[in-house]
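The block underneath contains the structure these notes are about, expressed in structure tokens.
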Amino acid sequence: MPAPKEFLDYVDHNADAFIQRLSDAVSIKSVSGDPAYREEVIKMSNWISQQLQAVGVETQLADLGRHTMDGQDLALPPAVLGRIGNDPKKKTVLVYGHFDVQPALVSDGWNTDPFKLTVLPNGQLVGRGSSDDKGPVLGWLNILQYHHQNQKDLPVNLRCCFEGMEESGSEGLDDLVKKESQSGGWFDGVDCVCISDNYWLNTRTPTITYGLRGLAYYKVTIEGPAKDLHSGVFGRTVHEPMTDLIKIMGTLVDVKGHILIPGVDEMVPPPFADEKELYEKLDYSIKDVEDSAGASIALSDDKVEVLMGRMRQPSLSLHGIEGAFYGSGAKTVIPAKVSGKFSIRLVPPQTPEKVFPLAKAHVESEFAKLGTKNKLHFEELHGGLPWVTDINHWNYEAARTATRAIYNQEPDMTREGGSIPVTLTFAEALGVSVLLLPMGRGDDGAHSTNEKLDRSNFIQGTKLLGTYLYEVGAAAAK
Ligand SMILES: NCC(=O)N[C@@H](Cc1c[nH]cn1)C(=O)O
Ligand SMILES: [Zn+2]
Ligand SMILES: [Zn+2]
């Protein structure tokens with residue numbers, strides 16, 4: 001059942017209003033990883049709930065309790081649950097997205113205010129969260145608006161789960177999903193899940209995604225002196241925490257991306273026969289990765305090697321050092337306490353539980369080799385499981401048909417290098433197919449400076465998500 005032409009035309013005619021709504025969403029600074037913005041994330045929960053109610057969706061703000069961040073006790077932003085339709089003849093689709101964003105400061109290198117959506121002459125909608133993940137969440141709202149305003153029934157029963165902590169480990173969400181998946185819960189009766197929270201591989205080929213890497217995020221703290229010291233007075237006189245930390249951080253990964261923590265890379269099985277052909281088939285080139293990175297810095301000239309490094313191998317990235325001197329000028333300080341942050345993207349059969357003891361043992365043994373008198377503390381900040389699923393399911397067939405209808409192209413079938421911790425929880429708690437159907441392009445700059453969503457991806461992406469619902473509706477009739 002193709003989507004009605006009237007729906008597709010409605011999306012075109014209302015594009016400017018949809019972009020205005022995206023601008024309103026971007027202006028709410030819903031940064032989940034910084035306690036200073038917690039009220040803004042909660043404001044965003046309320047805003048999403050009101051927007052859903054305005055298009056006929058029954059909602060509930062689900063309390064996720066409290067947590068500690070940077071030593072502060074904070075309320076978790078409520079997740080927004082929504083439901084519309086209860087027709088036993090229709091399939092029930094659960095859509096998930098997140099309305100929190102990564103931090104963004106003009107001083108990071110943005111050309112415009114990150115929380116003011118800027119429409120560039122080339123059609124790019126620039127702002128934090130435009131692509132990850134406010135644009136896609138608003139795509140679902142756009143679809144609902146058409147049906148509500150025109151008094152049209154949706155082709156499926158729809159359930160929504162939108163959260164405000166995805167960028168910070170989805171705290172509290174797993175328990176909520178498990179509870180609501182039980183009989184009588186908000187997700188009872190769900191037949192499939194669709195998540196729009198990732199990106200095409202390139203800038204030209206629509207994508208359907210059937211796997212995600214997991215994540216284990218670590219913090220290594222080294223402290224010694226009771227306070228910051230003068231390097232002229234204490235240099236070559238005391239053990240320096242930063243010197244110890246840099247040594248340890250330097251033992252984690254090599255410059256070609258090999259993980260040096262014993263046992264981590266070794267956990268991953270070699271490619272199965274013909275697996276490389278899956279990657280060979282994808283519309284991707286070294287130019288794509290270098291264009292989206294903004295520099296000629298690919299680890300290899302071999303497309304398959306690069307793709308496998310992102311999709312089916314783990315990676316370890318060094319993120320930053322808390323407590324280090326980072327300002328301008330030349331402060332001659334010996335920092336008293338520094339914390340190095342690094343994370344490992346995981347692939348099956350790796351899990352945060354299996355990798356934690358390896359990482360801890362490695363860091364402790366490297367620290368012991370230094371013979372330093374400073375103190376070490378190693379902790380996991382958060383973790384998420386990897387996920388891979390079967391693409392021969394009607395849920396994926398519906399997405400493929402919808403992609404052909406909107407883009408007149410065969411989609412790239414990908415595994416994503418990023419992580420969405422709740423995906424596996426949906427799959428296991430509900431026992432149904434989970435699908436990732438991205439809206440944005442590979443060069444959107446999610447998590448980076450000058451994040452954007454192309455106007456055409458927002459508008460065609462809205463049509464794609466709507467058409468997918470119609471195709472799932474058609475699957476119910478088969
Ligand atoms: N679009 C999904 C995404 O960006 N997920 C984050 C999840 C995360 C976990 N900890 C911090 N962020 C990702 O980095 O993959
Ligand atoms: Zn996201
Ligand atoms: Zn993200």
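Simple scheme: letters A, B, ... for chains in structure tokens order, numbers from 1 for residues in each chain, numbers from 1 for ligands in the order shown.
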
Considering only strand (DSSP E) as DSSP defines it on the backbone, what residues of region 168-213 of chain A qualify? List them as a list in words.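 The strand (DSSP E) residues within region 168-213 of chain A come out as Cys192, Val193, Cys194, Ile195, Thr207, Ile208, Thr209, Tyr210, Gly211 and Leu212 of chain A.
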
Which residues form the shell of 7 Å around ligand 3 when you count only C-alpha atoms and all ligand atoms, given as a PyMOL selection string? chain A and resi 101-102+132+167+446-447

Would you work out the distance separating CA of Ile42 (chain A) from CA of Ile195 (chain A), expressed in Å to one decimal?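 Going from CA of Ile42 (chain A) over to CA of Ile195 (chain A) covers 21.7 Å.
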
Sorted by chain and rising residue number, list the residues of chain A at most 9 Å from ligand 1 (counting only C-alpha atoms and all ligand atoms), each with its closest atom pair and distance in Å to one decimal, as CSV.
```
residue,atom,partner,partner_atom_place_in_ligand_line,distance
A:Gly33,CA,ligand 1,11 (C),8.4
A:Gly97,CA,ligand 1,1 (N),8.9
A:His98,CA,ligand 1,1 (N),8.4
A:Val101,CA,ligand 1,4 (O),8.6
A:Gln102,CA,ligand 1,12 (N),8.0
A:Ser131,CA,ligand 1,1 (N),8.7
A:Asp132,CA,ligand 1,1 (N),5.6
A:Asp133,CA,ligand 1,1 (N),6.6
A:Met165,CA,ligand 1,8 (C),8.9
A:Glu166,CA,ligand 1,7 (C),5.8
A:Glu167,CA,ligand 1,12 (N),3.9
A:Ser168,CA,ligand 1,11 (C),4.8
A:Gly169,CA,ligand 1,9 (C),4.9
A:Ser170,CA,ligand 1,9 (C),7.7
A:Ser196,CA,ligand 1,1 (N),8.7
A:Asp197,CA,ligand 1,1 (N),4.9
A:Asn198,CA,ligand 1,1 (N),5.1
A:Tyr199,CA,ligand 1,1 (N),8.2
A:Leu212,CA,ligand 1,15 (O),8.7
A:Arg213,CA,ligand 1,15 (O),8.0
A:Gly214,CA,ligand 1,15 (O),8.1
A:Leu215,CA,ligand 1,9 (C),6.6
A:Ala216,CA,ligand 1,10 (N),8.3
A:Tyr217,CA,ligand 1,10 (N),7.2
A:Ser343,CA,ligand 1,10 (N),8.8
A:Arg345,CA,ligand 1,15 (O),8.4
A:Leu381,CA,ligand 1,10 (N),9.0
A:His382,CA,ligand 1,10 (N),7.1
A:Gly383,CA,ligand 1,9 (C),7.5
A:Gly384,CA,ligand 1,9 (C),7.5
A:Gly417,CA,ligand 1,15 (O),7.5
A:Gly418,CA,ligand 1,15 (O),3.8
A:Ser419,CA,ligand 1,15 (O),3.7
A:Ile420,CA,ligand 1,5 (N),5.0
A:Pro421,CA,ligand 1,7 (C),6.9
A:Ala446,CA,ligand 1,4 (O),7.2
A:His447,CA,ligand 1,4 (O),7.0
```

Name the residues in contact with Ile48 (chain A) at a cut-off of 10 Å, using only C-alpha atoms, excluding same-chain residues fewer than 3 positions from it; report them as number ranges by chain. A: 25, 43-45, 51-54, 59, 61, 79-81, 99, 137-138, 141, 162-163
